[in-house]
Amino acid sequence: MASGNFKTSYRAEHKLVQSNVVRFWLVVLAAFLVYLPHVLQNRELFGVSLSYTQMLGMSLVQINFALIAILGAVSLNLLTGYTGLISLGHAGFFAVGGIVGAYFGVQLGWPFPVVLLLSGVVGAIVGVIVGLPSLRVRGLYLLLATLALHFIMVYVFLRYQVANFGVVGVRYPQPSLFGWPISSPFRWYWVLLPLVVLFVLATKNLLRTREGRAFVAIRDHDIAASATGINLAAQKLKVFAVSSFMATMAGTLWVWNLSAATNEIFTLTLAIEFIAIIIIGGLGSILGAILGALLWQLLPGAISALSDTVSPTTPVVGELFNQYPAQLNQLLLGVIIVLVLVFKPEGLNGFWISIRNFFTRWPYTT
Amino acid sequence: MTTFLQLVISGLATGSIYGLIALGFVLIYKATDVFNFAHGDVMALGAFFAFTAVVSMGLPLWVALPAVLLAAALIGVLIQGIIVRPMLGQPLLSIVMATLGLSLIIRALEGIVFGSIPRTMPTLFPNRTLVFAGLRVSTLDLFIMAVSLVALGLFALFFVRSNLGLEMRATAEDYEAASLTGINGNKIFTVALALGSVLAATGGMLLGQVTLVNIHMGDLGLLAALPAIVIGGMTSIPGAVIGGLLVGVLDKLALGYIGGGSQNAVVYAALLVVLMIRPYGLFGERDIIRV
Amino acid sequence: MTTAAAQTASAAEGAATPLLEVQNVEIVYNEISLAVRGISLTVPRGGAVALLGANGAGKTTTIRALSGLLDLHDGRVREGSILLDGESIVDASPSKIVAKGVAQVPEGRKIFGHLTVEENLRAGAAAIGYRDWKESLAQVYDLFPVLADRRQATAGWMSGGEQQMVAVGRALMAKPRLLLLDEVSLGLAPQVLEMIIDRLAAVREQEGTAMLMVEQNARIALEFADYGYIMENGRIVLDGPCDRLRENEDVQEFYLGITEAHEKKSYAAVKHYKRRKRWAA
């Protein structure tokens, strides 16, 4: 049992992979991620065949959406969890991603990687604009300001859509990466996974820099932070820019995975769900954002898989699972949110830390 | 010009419903510091309960009305016990999220118990159309506006004059200090949530008279009440009602002059403008923070 | 020498049951950090007791326990008892405790910023059901004429001294038998402080209200009170009648800032000093 983490050089402290144990588990994780698509597509694990129910209804498509959700969640966590700027604007940024994708990708026909990068850049610019209210108001009022901007961004999408694509919506073509068509969920997985890993690592790194510490300082006590010389306006806008860059990119990836989009998919519920998952996951923790996003995307599949095992004749539960799956999904999500917040406000990340501490400290209890 | 006035008048009617809902919301916020995102869903519950009582159970109005209000008060007490009380002292975002979770739960339950088919409420209140100087006004609209005004008056009086109102305001300021002073914080929260929910349910019943009763009413209620509260000011009771009226009018004007789909954007753009210029709303009070 | 014996010996009253009796109380936060490690103190009827100590000694925690606010801060009394007039108040809710006659003037005033002065004072009577509140209000205005002049002013904008008066007045509105004063001197100009202490002494004389004063400003506290306790690291390390505490060499050096400049520090003197400093474990 380690009694502490004592580094003897700056080099050692900077190292991304802190110890051999961590290195080992990272290799295991990498192996798992590589093997995963095979498991999901062929429904077998090391030669053992799995049923739909046993796999909890997971599919590669779901995992792809989960990866996009992770990108969105991590970017929101940077904004809300680390810098304390509460924002309901993320669905709006997805809409912006939809617009950029539609204009540059569909109307102008530019190559996908360029469109993706452009969506990030445009997103960053819009993010700075959306971030302006944060210079004036805070807390609840900021939440409402971002809510207002959500509606405005979605309305802009509507006008754009109606003007250029009609009521039926935007159709996104199959993208290709420098000539390699992304024609299947499997290929999408291998585009999304490195992208998400890259951005998660970048965010983790950002938090280790001066800016990152400034963000946390702003969250804890912004007036005190400005007294130590942090330029509040610049840092707030910076974090909005970075967060929106990633969120808008995630939005573009999202609509491309859906192949079509109308203004109605960018709902307020979506924006709320984003905040919900970072809270369930654990505010201010990247692992938390990842866990929350995974839970969110994989829950419906798990429910529909379980509903196959529950016969319709079982009282109450049977009816719930079979006739009202959508409501059940919503109900469960709501119940989980309330339970987590009332009993374990640090979220899933808190659970993880408790478990980890239990093992690190065993046989001591505290 | 007549179009404009017509829109304004119809806007005032729905606006007074929004004001009523906003009033309940502000009451809860002022007393408990909780931004109850499930408030719109409580409003919807009011409409659903009214439908059940009047149509499904066939109760006469004088029984149904108090029953619905009582049920709403009980919902408020439940919310207080399950969410507000355990989460005392938690950061704002957590409490907001808890109420959002609650909102999901209520909506899911509504969908399961009441089904997703929209219902029509029978008109319970007099509804004739009067014509004034070329403008059409319905008595139902006037009745709604009257109810809202009365509610406003009663609550403003209660809040500012009565002892319970004083205790509520004190508790909203500083829960610990209020407890120190001998105010029973728990009692205050329960009363605030019960009363706020009653107001929301009343708004829901009235709304059920002018639109279809369906599971998306919760959205409508909250969406409309939020800007009402911010524009009016989250800490001001008359502000909430006036904000509600403004939102109702803006909503109808946007529909009339710009077209469908724009209402939310317009109303929220107005909210944004107010937030940037007067963050505490047109009537709100500034936060007094000693650094 | 037990504290109870010492107090009854030095007090001229010889009251039988003390008003407040804290016995061997241990207070823990989050079930992990022990903030108070077994203290005992008593406040006789109509008496004035000072509780001194540096930051983090556990004074505020003790006061919180007396007012029933530990739960709000994730703390609880793990051992021992707190008796008000022989009745245990350890599990009582804050509003019940105020109703029983223990009112607190909290650290940092904690007045209701958006309410007016008069509303703040009126709120103070909530615990006793607003019984005779108009009378009590008039009495408070007599005590603090400044408040009478500014009764409709918004409390949050007033100066520190005025806010302190509001906080004291609000506590007095509950007609307490015991007044708990937590760091009343913080942030007050000396003259304002003297005036408030003066009025408190007047209240004590007229109403016979007992007072427990938690203070960092030892000088003021020792002048005001009859009996004093000194806390360090969650324990009571010294107690006694205030005039004797004032003479105590250690109290003088550590709390009153009166030191002797030694010409030459001999080894014996340094060793003696170290031994003196080890009051508590």
# chains A, B, ... in the order shown; residues from 1 in each chain; ligands from 1
call {"tool": "residues_around", "arguments": {"residues": "stretch 137-141 of chain B", "least_positions_apart": "3", "cutoff": "8 Å", "atoms": "only C-alpha atoms", "output": "JSON, numbers by chain"}}
result
{"B": [9, 10, 13, 14, 125, 126, 127, 128, 129, 130, 131, 132, 144, 145]}
call {"tool": "select_by_dssp", "arguments": {"residues": "stretch 3-133 of chain C", "states": "strand (DSSP E)", "output": "number ranges by chain"}}
result
C: 20-29, 33-43, 48-52, 75-84, 87-88, 102-105
call {"tool": "interface_residues", "arguments": {"of": "chain C", "to": "chain A", "cutoff": "12 Å", "atoms": "only C-alpha atoms", "output": "ChimeraX atom specification"}}
result
/C:30-33
call {"tool": "interface_residues", "arguments": {"of": "chain C", "to": "chain B", "cutoff": "6 Å", "atoms": "only C-alpha atoms", "output": "list in words"}}
result
Pro94, Ser95, Val98, Lys110, Phe112, Gly124, Ala126 and Ala127 of chain C
call {"tool": "closest_atom_pairs", "arguments": {"of": "chain B", "to": "chain A", "cutoff": "7 Å", "atoms": "only C-alpha atoms", "output": "JSON lines"}}
result
{"residue": "B:Pro86", "atom": "CA", "partner": "A:Val342", "partner_atom": "CA", "distance": 6.3}
{"residue": "B:Met87", "atom": "CA", "partner": "A:Val342", "partner_atom": "CA", "distance": 6.0}
{"residue": "B:Ser94", "atom": "CA", "partner": "A:Leu341", "partner_atom": "CA", "distance": 6.4}
{"residue": "B:Met97", "atom": "CA", "partner": "A:Ala276", "partner_atom": "CA", "distance": 6.4}
{"residue": "B:Ala98", "atom": "CA", "partner": "A:Val338", "partner_atom": "CA", "distance": 5.1}
{"residue": "B:Gly101", "atom": "CA", "partner": "A:Gly334", "partner_atom": "CA", "distance": 4.0}
{"residue": "B:Leu102", "atom": "CA", "partner": "A:Gly334", "partner_atom": "CA", "distance": 5.9}
{"residue": "B:Leu104", "atom": "CA", "partner": "A:Gly334", "partner_atom": "CA", "distance": 5.0}
{"residue": "B:Ile105", "atom": "CA", "partner": "A:Leu331", "partner_atom": "CA", "distance": 4.6}
{"residue": "B:Ala108", "atom": "CA", "partner": "A:Gln327", "partner_atom": "CA", "distance": 4.6}
{"residue": "B:Gly111", "atom": "CA", "partner": "A:Gln327", "partner_atom": "CA", "distance": 6.5}
{"residue": "B:Ile112", "atom": "CA", "partner": "A:Tyr324", "partner_atom": "CA", "distance": 6.7}
{"residue": "B:Ser262", "atom": "CA", "partner": "A:Tyr155", "partner_atom": "CA", "distance": 6.8}
{"residue": "B:Asn264", "atom": "CA", "partner": "A:Phe151", "partner_atom": "CA", "distance": 6.4}
{"residue": "B:Ala265", "atom": "CA", "partner": "A:Ile152", "partner_atom": "CA", "distance": 4.9}
{"residue": "B:Tyr268", "atom": "CA", "partner": "A:Ala148", "partner_atom": "CA", "distance": 4.6}
{"residue": "B:Ala269", "atom": "CA", "partner": "A:Ala148", "partner_atom": "CA", "distance": 6.2}
{"residue": "B:Leu271", "atom": "CA", "partner": "A:Ala148", "partner_atom": "CA", "distance": 6.9}
{"residue": "B:Leu272", "atom": "CA", "partner": "A:Ala145", "partner_atom": "CA", "distance": 5.6}
{"residue": "B:Leu275", "atom": "CA", "partner": "A:Ala145", "partner_atom": "CA", "distance": 6.9}
{"residue": "B:Met276", "atom": "CA", "partner": "A:Arg136", "partner_atom": "CA", "distance": 6.5}
{"residue": "B:Pro279", "atom": "CA", "partner": "A:Val137", "partner_atom": "CA", "distance": 6.5}
call {"tool": "residues_around", "arguments": {"residues": "C:Arg37", "least_positions_apart": "5", "cutoff": "6 Å", "atoms": "only C-alpha atoms", "output": "VMD selection string"}}
result
chain C and resid 26 234 to 235
call {"tool": "closest_residue", "arguments": {"among": "A:Ser75, A:Ser259, A:Ile278, A:Ser176", "to": "A:Trp296", "atoms": "only C-alpha atoms"}}
result
A:Ile278
call {"tool": "residues_around", "arguments": {"residues": "stretch 245-261 of chain B", "least_positions_apart": "3", "cutoff": "6 Å", "atoms": "only C-alpha atoms", "output": "list in words"}}
result
Leu7, Val8, Gly11, Leu12, Thr14, Gly15, Ser16, Ala228 and Ile242 of chain B
call {"tool": "write_last_selection", "arguments": {"atoms": "C-alpha atoms", "output": "PDB file, in the first residue's frame"}}
result
ATOM      1  CA  LEU B   7     -52.359  40.102 -30.771  1.00  0.00           C
ATOM      2  CA  VAL B   8     -51.539  42.047 -27.638  1.00  0.00           C
ATOM      3  CA  GLY B  11     -51.125  37.659 -25.601  1.00  0.00           C
ATOM      4  CA  LEU B  12     -52.186  39.191 -22.303  1.00  0.00           C
ATOM      5  CA  THR B  14     -51.979  33.521 -22.102  1.00  0.00           C
ATOM      6  CA  GLY B  15     -49.454  35.850 -20.534  1.00  0.00           C
ATOM      7  CA  SER B  16     -51.402  35.962 -17.327  1.00  0.00           C
ATOM      8  CA  ALA B 228     -41.156  35.548 -17.525  1.00  0.00           C
ATOM      9  CA  ILE B 242     -45.548  41.397 -15.383  1.00  0.00           C
TER      10      ILE B 242
END
call {"tool": "residues_around", "arguments": {"residues": "A:Ala214", "least_positions_apart": "3", "cutoff": "10 Å", "atoms": "only C-alpha atoms", "output": "list in words"}}
result
Tyr82, Thr83, Leu207, Thr209, Arg210, Glu211, Ala217, Ile218, Arg219, Asp220, Asp222, Ala225, Ser226, Thr228, Gly229, Ile230, Asn231, Leu232, Gln235 and Lys236 of chain A
call {"tool": "select_by_dssp", "arguments": {"residues": "stretch 157-191 of chain B", "states": "helix (DSSP H, G or I)", "output": "tab-separated table (two decimals) with N, CA and C atoms, in the first residue's frame"}}
result
chain	number	residue	atom	x	y	z
B	157	LEU	N	-49.39	40.38	-0.79
B	157	LEU	CA	-49.76	40.76	0.56
B	157	LEU	C	-49.20	39.77	1.57
B	158	PHE	N	-49.42	38.52	1.29
B	158	PHE	CA	-48.98	37.47	2.18
B	158	PHE	C	-47.47	37.54	2.39
B	159	PHE	N	-46.77	37.69	1.30
B	159	PHE	CA	-45.32	37.63	1.37
B	159	PHE	C	-44.74	38.80	2.15
B	160	VAL	N	-45.28	39.98	1.91
B	160	VAL	CA	-44.67	41.15	2.51
B	160	VAL	C	-45.17	41.41	3.92
B	161	ARG	N	-46.45	41.11	4.15
B	161	ARG	CA	-47.00	41.50	5.45
B	161	ARG	C	-46.97	40.41	6.50
B	163	ASN	N	-46.39	37.11	8.92
B	163	ASN	CA	-45.23	36.57	9.61
B	163	ASN	C	-44.62	35.42	8.85
B	164	LEU	N	-45.49	34.56	8.32
B	164	LEU	CA	-45.00	33.42	7.54
B	164	LEU	C	-44.22	33.90	6.32
B	165	GLY	N	-44.72	34.94	5.70
B	165	GLY	CA	-44.03	35.51	4.54
B	165	GLY	C	-42.66	36.04	4.93
B	166	LEU	N	-42.61	36.68	6.10
B	166	LEU	CA	-41.32	37.18	6.58
B	166	LEU	C	-40.35	36.03	6.80
B	167	GLU	N	-40.87	34.98	7.42
B	167	GLU	CA	-40.01	33.83	7.68
B	167	GLU	C	-39.52	33.24	6.38
B	168	MET	N	-40.38	33.23	5.36
B	168	MET	CA	-39.96	32.71	4.07
B	168	MET	C	-38.84	33.55	3.47
B	169	ARG	N	-39.00	34.84	3.55
B	169	ARG	CA	-37.98	35.70	2.95
B	169	ARG	C	-36.66	35.57	3.69
B	170	ALA	N	-36.76	35.43	5.01
B	170	ALA	CA	-35.54	35.28	5.80
B	170	ALA	C	-34.84	33.96	5.45
B	171	THR	N	-35.63	32.90	5.34
B	171	THR	CA	-35.06	31.60	5.02
B	171	THR	C	-34.40	31.63	3.66
B	172	ALA	N	-34.99	32.36	2.73
B	172	ALA	CA	-34.41	32.45	1.39
B	172	ALA	C	-33.07	33.15	1.43
B	173	GLU	N	-32.94	34.16	2.29
B	173	GLU	CA	-31.69	34.88	2.41
B	173	GLU	C	-30.57	33.98	2.89
B	175	TYR	N	-30.33	30.30	5.06
B	175	TYR	CA	-31.01	29.22	5.78
B	175	TYR	C	-30.48	29.06	7.19
B	176	GLU	N	-29.14	29.13	7.30
B	176	GLU	CA	-28.56	28.91	8.62
B	176	GLU	C	-28.94	30.02	9.58
B	177	ALA	N	-28.83	31.25	9.10
B	177	ALA	CA	-29.18	32.37	9.97
B	177	ALA	C	-30.64	32.30	10.39
B	178	ALA	N	-31.49	31.87	9.45
B	178	ALA	CA	-32.91	31.77	9.79
B	178	ALA	C	-33.12	30.70	10.85
B	179	SER	N	-32.42	29.58	10.71
B	179	SER	CA	-32.54	28.53	11.73
B	179	SER	C	-32.08	29.04	13.07
B	180	LEU	N	-30.97	29.80	13.04
B	180	LEU	CA	-30.43	30.38	14.26
B	180	LEU	C	-31.44	31.29	14.92
B	185	GLY	N	-36.86	25.97	9.30
B	185	GLY	CA	-36.60	25.97	7.87
B	185	GLY	C	-37.38	24.91	7.11
B	186	ASN	N	-37.49	23.76	7.72
B	186	ASN	CA	-38.19	22.67	7.07
B	186	ASN	C	-39.64	23.01	6.79
B	187	LYS	N	-40.30	23.60	7.80
B	187	LYS	CA	-41.70	23.98	7.66
B	187	LYS	C	-41.86	24.99	6.53
B	188	ILE	N	-40.95	25.94	6.50
B	188	ILE	CA	-41.00	26.98	5.47
B	188	ILE	C	-40.89	26.39	4.08
B	189	PHE	N	-39.92	25.50	3.91
B	189	PHE	CA	-39.74	24.89	2.60
B	189	PHE	C	-40.99	24.16	2.17
B	190	THR	N	-41.56	23.39	3.10
B	190	THR	CA	-42.74	22.62	2.75
B	190	THR	C	-43.87	23.54	2.32
B	191	VAL	N	-44.11	24.59	3.08
B	191	VAL	CA	-45.19	25.51	2.73
B	191	VAL	C	-44.93	26.14	1.37
call {"tool": "residues_around", "arguments": {"residues": "stretch 173-186 of chain C", "least_positions_apart": "6", "cutoff": "8 Å", "atoms": "only C-alpha atoms", "output": "JSON, numbers by chain"}}
result
{"C": [19, 46, 60, 63, 98, 99, 100, 101, 102, 103, 104, 105, 106, 107, 108, 121, 122, 124, 125, 126, 127, 128, 133, 136, 137, 140, 164, 193, 208, 209, 210, 211, 212, 213, 214, 215, 216, 217]}
call {"tool": "write_last_selection", "arguments": {"atoms": "N, CA and C atoms", "output": "mmCIF file, in the first residue's frame"}}
result
data_model
loop_
_atom_site.group_PDB
_atom_site.id
_atom_site.type_symbol
_atom_site.label_atom_id
_atom_site.label_comp_id
_atom_site.auth_asym_id
_atom_site.auth_seq_id
_atom_site.Cartn_x
_atom_site.Cartn_y
_atom_site.Cartn_z
ATOM 1 N N LEU C 19 -27.267 27.223 34.512
ATOM 2 C CA LEU C 19 -28.204 27.324 33.393
ATOM 3 C C LEU C 19 -27.782 26.380 32.269
ATOM 4 N N GLY C 46 -27.629 33.865 34.831
ATOM 5 C CA GLY C 46 -27.273 35.278 34.822
ATOM 6 C C GLY C 46 -25.786 35.540 34.785
ATOM 7 N N THR C 60 -16.061 27.894 17.698
ATOM 8 C CA THR C 60 -17.283 28.023 16.898
ATOM 9 C C THR C 60 -18.031 26.705 16.851
ATOM 10 N N ILE C 63 -20.084 26.431 19.906
ATOM 11 C CA ILE C 63 -21.274 27.285 19.822
ATOM 12 C C ILE C 63 -22.315 26.671 18.889
ATOM 13 N N VAL C 98 -33.915 27.778 20.294
ATOM 14 C CA VAL C 98 -34.180 29.204 20.480
ATOM 15 C C VAL C 98 -35.443 29.382 21.304
ATOM 16 N N ALA C 99 -36.437 28.533 21.029
ATOM 17 C CA ALA C 99 -37.686 28.628 21.794
ATOM 18 C C ALA C 99 -37.448 28.367 23.273
ATOM 19 N N LYS C 100 -36.472 27.523 23.578
ATOM 20 C CA LYS C 100 -36.179 27.224 24.979
ATOM 21 C C LYS C 100 -35.358 28.316 25.638
ATOM 22 N N GLY C 101 -34.931 29.304 24.857
ATOM 23 C CA GLY C 101 -34.268 30.447 25.471
ATOM 24 C C GLY C 101 -32.787 30.578 25.231
ATOM 25 N N VAL C 102 -32.271 29.939 24.157
ATOM 26 C CA VAL C 102 -30.856 30.125 23.852
ATOM 27 C C VAL C 102 -30.759 30.783 22.487
ATOM 28 N N ALA C 103 -30.333 32.026 22.447
ATOM 29 C CA ALA C 103 -30.237 32.722 21.173
ATOM 30 C C ALA C 103 -28.784 33.030 20.860
ATOM 31 N N GLN C 104 -28.460 33.009 19.557
ATOM 32 C CA GLN C 104 -27.069 33.228 19.181
ATOM 33 C C GLN C 104 -26.910 34.480 18.338
ATOM 34 N N VAL C 105 -25.841 35.196 18.596
ATOM 35 C CA VAL C 105 -25.432 36.281 17.707
ATOM 36 C C VAL C 105 -24.272 35.693 16.914
ATOM 37 N N PRO C 106 -24.512 35.268 15.672
ATOM 38 C CA PRO C 106 -23.511 34.458 14.989
ATOM 39 C C PRO C 106 -22.289 35.238 14.538
ATOM 40 N N GLU C 107 -21.255 34.477 14.273
ATOM 41 C CA GLU C 107 -20.027 35.043 13.747
ATOM 42 C C GLU C 107 -20.308 35.632 12.371
ATOM 43 N N GLY C 108 -19.820 36.835 12.143
ATOM 44 C CA GLY C 108 -20.083 37.442 10.843
ATOM 45 C C GLY C 108 -21.486 38.010 10.729
ATOM 46 N N LEU C 121 -35.349 42.356 12.878
ATOM 47 C CA LEU C 121 -35.633 42.248 14.300
ATOM 48 C C LEU C 121 -36.898 41.440 14.543
ATOM 49 N N ARG C 122 -37.902 41.696 13.721
ATOM 50 C CA ARG C 122 -39.165 40.975 13.877
ATOM 51 C C ARG C 122 -38.942 39.481 13.726
ATOM 52 N N GLY C 124 -36.572 37.827 14.600
ATOM 53 C CA GLY C 124 -36.003 37.270 15.818
ATOM 54 C C GLY C 124 -37.051 36.718 16.763
ATOM 55 N N ALA C 125 -38.265 37.237 16.650
ATOM 56 C CA ALA C 125 -39.311 36.780 17.563
ATOM 57 C C ALA C 125 -40.023 35.531 17.068
ATOM 58 N N ALA C 126 -39.604 35.029 15.920
ATOM 59 C CA ALA C 126 -40.296 33.879 15.326
ATOM 60 C C ALA C 126 -40.333 32.685 16.269
ATOM 61 N N ALA C 127 -39.222 32.445 16.931
ATOM 62 C CA ALA C 127 -39.131 31.232 17.747
ATOM 63 C C ALA C 127 -40.131 31.221 18.889
ATOM 64 N N ILE C 128 -40.451 32.411 19.403
ATOM 65 C CA ILE C 128 -41.368 32.432 20.544
ATOM 66 C C ILE C 128 -42.761 32.819 20.090
ATOM 67 N N TRP C 133 -43.987 40.946 20.554
ATOM 68 C CA TRP C 133 -42.861 41.411 19.758
ATOM 69 C C TRP C 133 -42.762 42.930 19.692
ATOM 70 N N SER C 136 -40.824 44.012 22.743
ATOM 71 C CA SER C 136 -39.408 43.683 22.619
ATOM 72 C C SER C 136 -38.731 44.604 21.621
ATOM 73 N N LEU C 137 -39.444 44.910 20.532
ATOM 74 C CA LEU C 137 -38.882 45.783 19.506
ATOM 75 C C LEU C 137 -38.570 47.150 20.098
ATOM 76 N N VAL C 140 -35.470 47.003 22.112
ATOM 77 C CA VAL C 140 -34.250 46.972 21.303
ATOM 78 C C VAL C 140 -33.928 48.367 20.770
ATOM 79 N N GLN C 164 -23.975 44.629 13.393
ATOM 80 C CA GLN C 164 -23.777 43.896 14.633
ATOM 81 C C GLN C 164 -24.887 44.211 15.617
ATOM 82 N N LEU C 193 -17.331 48.733 19.306
ATOM 83 C CA LEU C 193 -17.270 47.525 20.108
ATOM 84 C C LEU C 193 -17.535 47.834 21.575
ATOM 85 N N GLY C 208 -31.083 40.001 33.487
ATOM 86 C CA GLY C 208 -30.490 38.814 34.084
ATOM 87 C C GLY C 208 -30.165 37.753 33.057
ATOM 88 N N THR C 209 -29.943 38.168 31.814
ATOM 89 C CA THR C 209 -29.614 37.202 30.768
ATOM 90 C C THR C 209 -28.192 36.713 30.943
ATOM 91 N N ALA C 210 -28.018 35.389 30.908
ATOM 92 C CA ALA C 210 -26.672 34.831 30.967
ATOM 93 C C ALA C 210 -26.022 35.003 29.611
ATOM 94 N N MET C 211 -24.694 35.111 29.602
ATOM 95 C CA MET C 211 -24.017 35.308 28.322
ATOM 96 C C MET C 211 -22.790 34.439 28.205
ATOM 97 N N LEU C 212 -22.638 33.834 27.049
ATOM 98 C CA LEU C 212 -21.438 33.060 26.756
ATOM 99 C C LEU C 212 -20.767 33.732 25.579
ATOM 100 N N MET C 213 -19.568 34.239 25.816
ATOM 101 C CA MET C 213 -18.927 35.048 24.793
ATOM 102 C C MET C 213 -17.708 34.317 24.250
ATOM 103 N N VAL C 214 -17.788 33.971 22.961
ATOM 104 C CA VAL C 214 -16.643 33.345 22.314
ATOM 105 C C VAL C 214 -15.839 34.451 21.661
ATOM 106 N N GLU C 215 -14.585 34.525 21.974
ATOM 107 C CA GLU C 215 -13.841 35.680 21.479
ATOM 108 C C GLU C 215 -12.402 35.364 21.149
ATOM 109 N N GLN C 216 -11.885 36.113 20.161
ATOM 110 C CA GLN C 216 -10.451 36.099 19.962
ATOM 111 C C GLN C 216 -9.837 37.308 20.649
ATOM 112 N N ASN C 217 -10.667 38.325 20.807
ATOM 113 C CA ASN C 217 -10.195 39.524 21.489
ATOM 114 C C ASN C 217 -10.252 39.266 22.992
#
call {"tool": "residues_around", "arguments": {"residues": "C:Asn233", "least_positions_apart": "6", "cutoff": "9 Å", "atoms": "only C-alpha atoms", "output": "JSON, numbers by chain"}}
result
{"C": [35, 36, 37, 53, 54, 56, 57, 58, 280, 281]}
